[in-house]
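Q: Just dropping this structure here.
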Amino acid sequence: TRTSRPQRILKAVQRKATVGDPQSVITAIDHFCRHREWAMNVGDEKGSILDSVVNEVSPVTVLELGTYCGYSTVRIARLLPPGACVITLEFNPDYAAIARQVIKWSGLEDKVQLVEGASGDWIPWMKEHFGVQAFDLVFLDHWKERYLPDTKLLEECGLIQKGTVLLADNVICPGTPDYLEYVRNSPHYNSQYYRSHLEYTKAEDGLEKSVFLGY
Ligand SMILES: O=C(NC/C=C/[C@H]1OC[C@H](O)[C@@H]1O)c1cc([N+](=O)[O-])cc(O)c1O
Ligand SMILES: [Mg+2]
């Protein structure tokens, strides 16, 4: 049978990127997805906004929901200082297997904890299993209908505290209307929209950054 798209993305990394060089992994994936096959990575345009938010927050613990092939995991982890790490959750075992290899090729495996499973099942165990107090930054990029329930679950589990930054991909395309309504109307969040484009296309999309203000 044909290879999968994630497998073809990994091949492009292994062909074009240098082991231990995260920027070359990012460049290889962006080139492949722009010139060969579109794929749902956050991409270079929104990725630059993600970079600026990571640099602004300088987080010690990051949660990423939705790993896919590990593109944004590498973007985030490459900016983290020693001792900081990103925990990334992926439901699809085939995606997770590819992501592990992409992350390894980038040389960032020491800064990444990739967890296979459903966000709703894992979030309640984060404190106990990973010794996390609260997340400094959460990047939401998984199933769009899970953004709101998982945000509420993170709040209930005390994993979002005063100053925690939520950064959500695809708030316009495919769109996350219930999540947007929540963070923009809640008195507990200060929310702003970074207008951009759907990865590798001219369609509008953007990232929503929401800072938790405490209770
Ligand atoms: O569904 C998207 N992301 C969530 C991915 C969900 C998949 O990964 C976990 C699970 O196995 C599911 O099949 C998505 C979709 C588009 N899109 O244009 O359709 C663009 C994006 O940036 C996206 O993150
Ligand atoms: Mg996305």
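Chain labels run A, B, ... following the order of the structure tokens; each chain numbers its residues from 1, and ligands are numbered from 1 in the order shown.
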Can you tell me which residues sit at most 6 Å away from ligand 1, counting only C-alpha atoms and all ligand atoms, written as a ChimeraX atom specification?

A: /A:40-42,66,68,90-92,141-143,170,174

Q: Where does DSSP see alpha helix (DSSP H) in segment 17-183 of chain A, if you list the residues as a ChimeraX atom specification?

A: /A:22-35,43-57,71-77,93-106,119-122,126-130,147-156,177-183

Q: Per DSSP on the backbone, what are the strand (DSSP E) residues of segment 15-215 of chain A, as a ChimeraX atom specification?

A: /A:61-65,85-90,112-116,137-140,165-168,189-197,204-212

Q: I need the residues from that last selection saved to file as a compact mmCIF listing (two decimals), in the first residue's frame (with N, CA and C atoms), if you can.

A:
```
# COMPACT_ATOMS: atom_id res chain seq x y z
N THR A 61 7.40 25.09 31.45
CA THR A 61 6.62 23.90 31.04
C THR A 61 5.56 24.30 30.02
N VAL A 62 5.57 23.59 28.91
CA VAL A 62 4.64 23.83 27.81
C VAL A 62 3.82 22.57 27.61
N LEU A 63 2.52 22.76 27.34
CA LEU A 63 1.66 21.64 26.92
C LEU A 63 1.24 21.90 25.48
N GLU A 64 1.45 20.93 24.61
CA GLU A 64 0.97 21.02 23.24
C GLU A 64 -0.11 19.95 23.07
N LEU A 65 -1.27 20.34 22.58
CA LEU A 65 -2.36 19.40 22.33
C LEU A 65 -2.44 19.22 20.81
N CYS A 85 10.70 22.14 29.20
CA CYS A 85 10.26 21.04 28.34
C CYS A 85 8.84 21.24 27.83
N VAL A 86 8.56 20.54 26.75
CA VAL A 86 7.21 20.54 26.19
C VAL A 86 6.64 19.13 26.27
N ILE A 87 5.45 19.02 26.87
CA ILE A 87 4.70 17.77 26.88
C ILE A 87 3.70 17.87 25.74
N THR A 88 3.75 16.91 24.81
CA THR A 88 2.87 16.98 23.66
C THR A 88 2.01 15.73 23.58
N LEU A 89 0.71 15.93 23.45
CA LEU A 89 -0.26 14.82 23.43
C LEU A 89 -0.73 14.55 22.01
N GLU A 90 -0.70 13.28 21.60
CA GLU A 90 -1.20 12.90 20.28
C GLU A 90 -2.06 11.64 20.41
N VAL A 112 11.45 17.12 25.04
CA VAL A 112 10.09 16.77 24.63
C VAL A 112 9.63 15.49 25.33
N GLN A 113 8.38 15.51 25.83
CA GLN A 113 7.72 14.30 26.33
C GLN A 113 6.52 14.09 25.41
N LEU A 114 6.57 13.10 24.56
CA LEU A 114 5.44 12.82 23.67
C LEU A 114 4.57 11.75 24.32
N VAL A 115 3.30 12.06 24.52
CA VAL A 115 2.37 11.14 25.18
C VAL A 115 1.29 10.74 24.19
N GLU A 116 1.10 9.44 24.02
CA GLU A 116 0.06 8.94 23.12
C GLU A 116 -1.22 8.72 23.90
N LEU A 137 2.60 27.76 29.21
CA LEU A 137 2.07 27.97 27.87
C LEU A 137 1.36 26.70 27.42
N VAL A 138 0.17 26.83 26.83
CA VAL A 138 -0.55 25.71 26.22
C VAL A 138 -0.78 26.06 24.75
N PHE A 139 -0.34 25.19 23.84
CA PHE A 139 -0.58 25.38 22.41
C PHE A 139 -1.66 24.40 22.00
N LEU A 140 -2.82 24.91 21.60
CA LEU A 140 -3.96 24.07 21.21
C LEU A 140 -3.99 23.92 19.70
N VAL A 165 -0.51 31.27 29.52
CA VAL A 165 -0.90 31.73 28.19
C VAL A 165 -1.42 30.56 27.37
N LEU A 166 -2.63 30.72 26.83
CA LEU A 166 -3.18 29.74 25.88
C LEU A 166 -2.98 30.31 24.49
N LEU A 167 -2.44 29.52 23.56
CA LEU A 167 -2.28 29.94 22.17
C LEU A 167 -2.97 28.88 21.32
N ALA A 168 -4.00 29.29 20.59
CA ALA A 168 -4.84 28.36 19.84
C ALA A 168 -4.67 28.55 18.34
N TYR A 189 -9.97 35.86 31.25
CA TYR A 189 -8.95 35.81 30.19
C TYR A 189 -8.83 37.16 29.51
N ASN A 190 -7.59 37.51 29.15
CA ASN A 190 -7.34 38.66 28.29
C ASN A 190 -6.90 38.09 26.95
N SER A 191 -7.73 38.24 25.93
CA SER A 191 -7.57 37.53 24.67
C SER A 191 -7.26 38.45 23.51
N GLN A 192 -6.35 38.03 22.62
CA GLN A 192 -6.11 38.82 21.41
C GLN A 192 -5.87 37.91 20.21
N TYR A 193 -6.28 38.39 19.04
CA TYR A 193 -6.23 37.63 17.80
C TYR A 193 -5.05 38.09 16.95
N TYR A 194 -4.25 37.09 16.49
CA TYR A 194 -3.14 37.37 15.57
C TYR A 194 -3.57 36.88 14.20
N ARG A 195 -3.92 37.82 13.33
CA ARG A 195 -4.42 37.45 12.01
C ARG A 195 -3.30 36.90 11.13
N SER A 196 -3.58 35.81 10.42
CA SER A 196 -2.56 35.20 9.55
C SER A 196 -3.27 34.45 8.42
N HIS A 197 -2.67 33.38 7.96
CA HIS A 197 -3.28 32.56 6.89
C HIS A 197 -3.18 31.10 7.23
N GLU A 204 -7.77 32.94 5.01
CA GLU A 204 -7.52 33.53 6.34
C GLU A 204 -7.58 32.47 7.42
N ASP A 205 -6.66 32.59 8.36
CA ASP A 205 -6.70 31.87 9.62
C ASP A 205 -5.93 32.74 10.61
N GLY A 206 -5.87 32.31 11.85
CA GLY A 206 -5.12 33.08 12.84
C GLY A 206 -4.98 32.32 14.14
N LEU A 207 -4.18 32.90 15.02
CA LEU A 207 -3.95 32.35 16.35
C LEU A 207 -4.62 33.27 17.36
N GLU A 208 -5.21 32.69 18.40
CA GLU A 208 -5.79 33.47 19.49
C GLU A 208 -4.92 33.25 20.72
N LYS A 209 -4.40 34.34 21.28
CA LYS A 209 -3.60 34.27 22.50
C LYS A 209 -4.45 34.75 23.66
N SER A 210 -4.58 33.91 24.69
CA SER A 210 -5.42 34.25 25.84
C SER A 210 -4.62 34.07 27.12
N VAL A 211 -4.50 35.14 27.90
CA VAL A 211 -3.74 35.09 29.16
C VAL A 211 -4.73 34.92 30.30
N PHE A 212 -4.52 33.92 31.14
CA PHE A 212 -5.39 33.70 32.28
C PHE A 212 -5.08 34.74 33.35
```

Q: Between A:Gly175, A:Pro6, A:Pro187, A:Pro149, which residue has the minimum interatomic distance to Gly120 of chain A, considering only C-alpha atoms?

A: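 Closest candidate: A:Pro149.
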
Q: Rank nothing, just name the residue among A:Gly117, A:Gly70, A:Pro81, A:Gly20 nearest to Val57 of chain A, using only C-alpha atoms.

A: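 Of all the options, A:Pro81 lies closest to Val57 of chain A.
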
Q: Could you jot down the atom CA of Leu50 of chain A to atom CA of Asp121 of chain A separation for me, Å, one decimal place?

A: 26.1 Å

Q: Identify, on the basis of only C-alpha atoms, every residue whose closest approach to Lys11 of chain A does not exceed 10 Å; exclude the query and any residue fewer than 4 positions from it along the same chain; express the result as a list in words.

A: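 Residues near the query, excluding close chain neighbours: Arg5, Pro6, Gln7, Arg15, Lys16, Ala17, Ala28, Ile29, Phe32, Ile98 and Val102 of chain A.
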
Q: For the residues selected in the previous step, produce a file with N, CA, C and O atoms as a PDB file, in the first residue's frame.

A:
```
ATOM      1  N   ARG A   5       0.880  10.168   4.334  1.00  0.00           N
ATOM      2  CA  ARG A   5       1.443  11.523   4.193  1.00  0.00           C
ATOM      3  C   ARG A   5       2.461  11.803   5.291  1.00  0.00           C
ATOM      4  O   ARG A   5       3.565  12.296   5.004  1.00  0.00           O
ATOM      5  N   PRO A   6       2.151  11.441   6.571  1.00  0.00           N
ATOM      6  CA  PRO A   6       3.194  11.627   7.591  1.00  0.00           C
ATOM      7  C   PRO A   6       4.495  10.887   7.281  1.00  0.00           C
ATOM      8  O   PRO A   6       5.576  11.410   7.518  1.00  0.00           O
ATOM      9  N   GLN A   7       4.387   9.689   6.695  1.00  0.00           N
ATOM     10  CA  GLN A   7       5.608   8.942   6.333  1.00  0.00           C
ATOM     11  C   GLN A   7       6.383   9.697   5.253  1.00  0.00           C
ATOM     12  O   GLN A   7       7.615   9.755   5.285  1.00  0.00           O
ATOM     13  N   ARG A  15      15.720  13.169   4.104  1.00  0.00           N
ATOM     14  CA  ARG A  15      16.459  13.472   2.867  1.00  0.00           C
ATOM     15  C   ARG A  15      17.101  14.860   2.931  1.00  0.00           C
ATOM     16  O   ARG A  15      18.224  15.055   2.459  1.00  0.00           O
ATOM     17  N   LYS A  16      16.353  15.811   3.490  1.00  0.00           N
ATOM     18  CA  LYS A  16      16.766  17.215   3.320  1.00  0.00           C
ATOM     19  C   LYS A  16      17.330  17.868   4.582  1.00  0.00           C
ATOM     20  O   LYS A  16      18.035  18.871   4.486  1.00  0.00           O
ATOM     21  N   ALA A  17      16.987  17.354   5.766  1.00  0.00           N
ATOM     22  CA  ALA A  17      17.395  18.045   6.999  1.00  0.00           C
ATOM     23  C   ALA A  17      18.646  17.401   7.590  1.00  0.00           C
ATOM     24  O   ALA A  17      18.943  16.238   7.346  1.00  0.00           O
ATOM     25  N   ALA A  28      12.680  21.873   5.936  1.00  0.00           N
ATOM     26  CA  ALA A  28      12.390  20.717   5.068  1.00  0.00           C
ATOM     27  C   ALA A  28      10.896  20.420   5.030  1.00  0.00           C
ATOM     28  O   ALA A  28      10.320  20.167   3.962  1.00  0.00           O
ATOM     29  N   ILE A  29      10.237  20.486   6.182  1.00  0.00           N
ATOM     30  CA  ILE A  29       8.796  20.197   6.230  1.00  0.00           C
ATOM     31  C   ILE A  29       8.017  21.299   5.509  1.00  0.00           C
ATOM     32  O   ILE A  29       7.125  21.015   4.704  1.00  0.00           O
ATOM     33  N   PHE A  32       8.427  20.882   1.749  1.00  0.00           N
ATOM     34  CA  PHE A  32       7.653  19.727   1.247  1.00  0.00           C
ATOM     35  C   PHE A  32       6.166  20.074   1.197  1.00  0.00           C
ATOM     36  O   PHE A  32       5.477  19.784   0.208  1.00  0.00           O
ATOM     37  N   ILE A  98       5.601   8.819  13.835  1.00  0.00           N
ATOM     38  CA  ILE A  98       6.346   9.700  12.917  1.00  0.00           C
ATOM     39  C   ILE A  98       6.940  10.872  13.700  1.00  0.00           C
ATOM     40  O   ILE A  98       8.114  11.217  13.548  1.00  0.00           O
ATOM     41  N   VAL A 102      10.750  12.512  13.892  1.00  0.00           N
ATOM     42  CA  VAL A 102      11.041  13.892  13.479  1.00  0.00           C
ATOM     43  C   VAL A 102      11.728  14.643  14.627  1.00  0.00           C
ATOM     44  O   VAL A 102      12.731  15.340  14.430  1.00  0.00           O
TER      45      VAL A 102
END
```

Q: Pick from A:Phe130, A:Tyr71, A:Trp38, A:Trp125: nearest to Ile103 of chain A, with only C-alpha atoms counted?

A: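 The closest residue to Ile103 of chain A is A:Tyr71.
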
Q: Record the distance separating atom CA of Asp94 of chain A and atom CA of Glu37 of chain A, expressed in Å with one decimal.

A: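 Going from atom CA of Asp94 of chain A over to atom CA of Glu37 of chain A, I get 18.2 Å.
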
Q: Measuring atom to atom with only C-alpha atoms, identify which of A:Lys202, A:His188, A:Lys111, A:Arg146 is nearest to Lys162 of chain A.

A: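 Using only C-alpha atoms, Lys162 of chain A sits closest to A:His188.
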
Q: Could you check which of A:Leu80, A:Leu180, A:Ala39, A:Ile160 is closest to ligand 2, using only C-alpha atoms and all ligand atoms?

A: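 For ligand 2, the nearest of the given residues is A:Ala39.
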
Q: What is the distance between atom CA of Gly107 of chain A and atom CA of Pro22 of chain A, in Å to one decimal?

A: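 Computing the Euclidean distance for atom CA of Gly107 of chain A and atom CA of Pro22 of chain A yields 7.1 Å.
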
Q: Using only C-alpha atoms, pick whichever of A:Asp51, A:Asp169, A:Thr3, A:Ile123 has the shortest atom-to-atom distance to Glu156 of chain A.

A: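 For Glu156 of chain A, the nearest of the candidates is A:Ile123.
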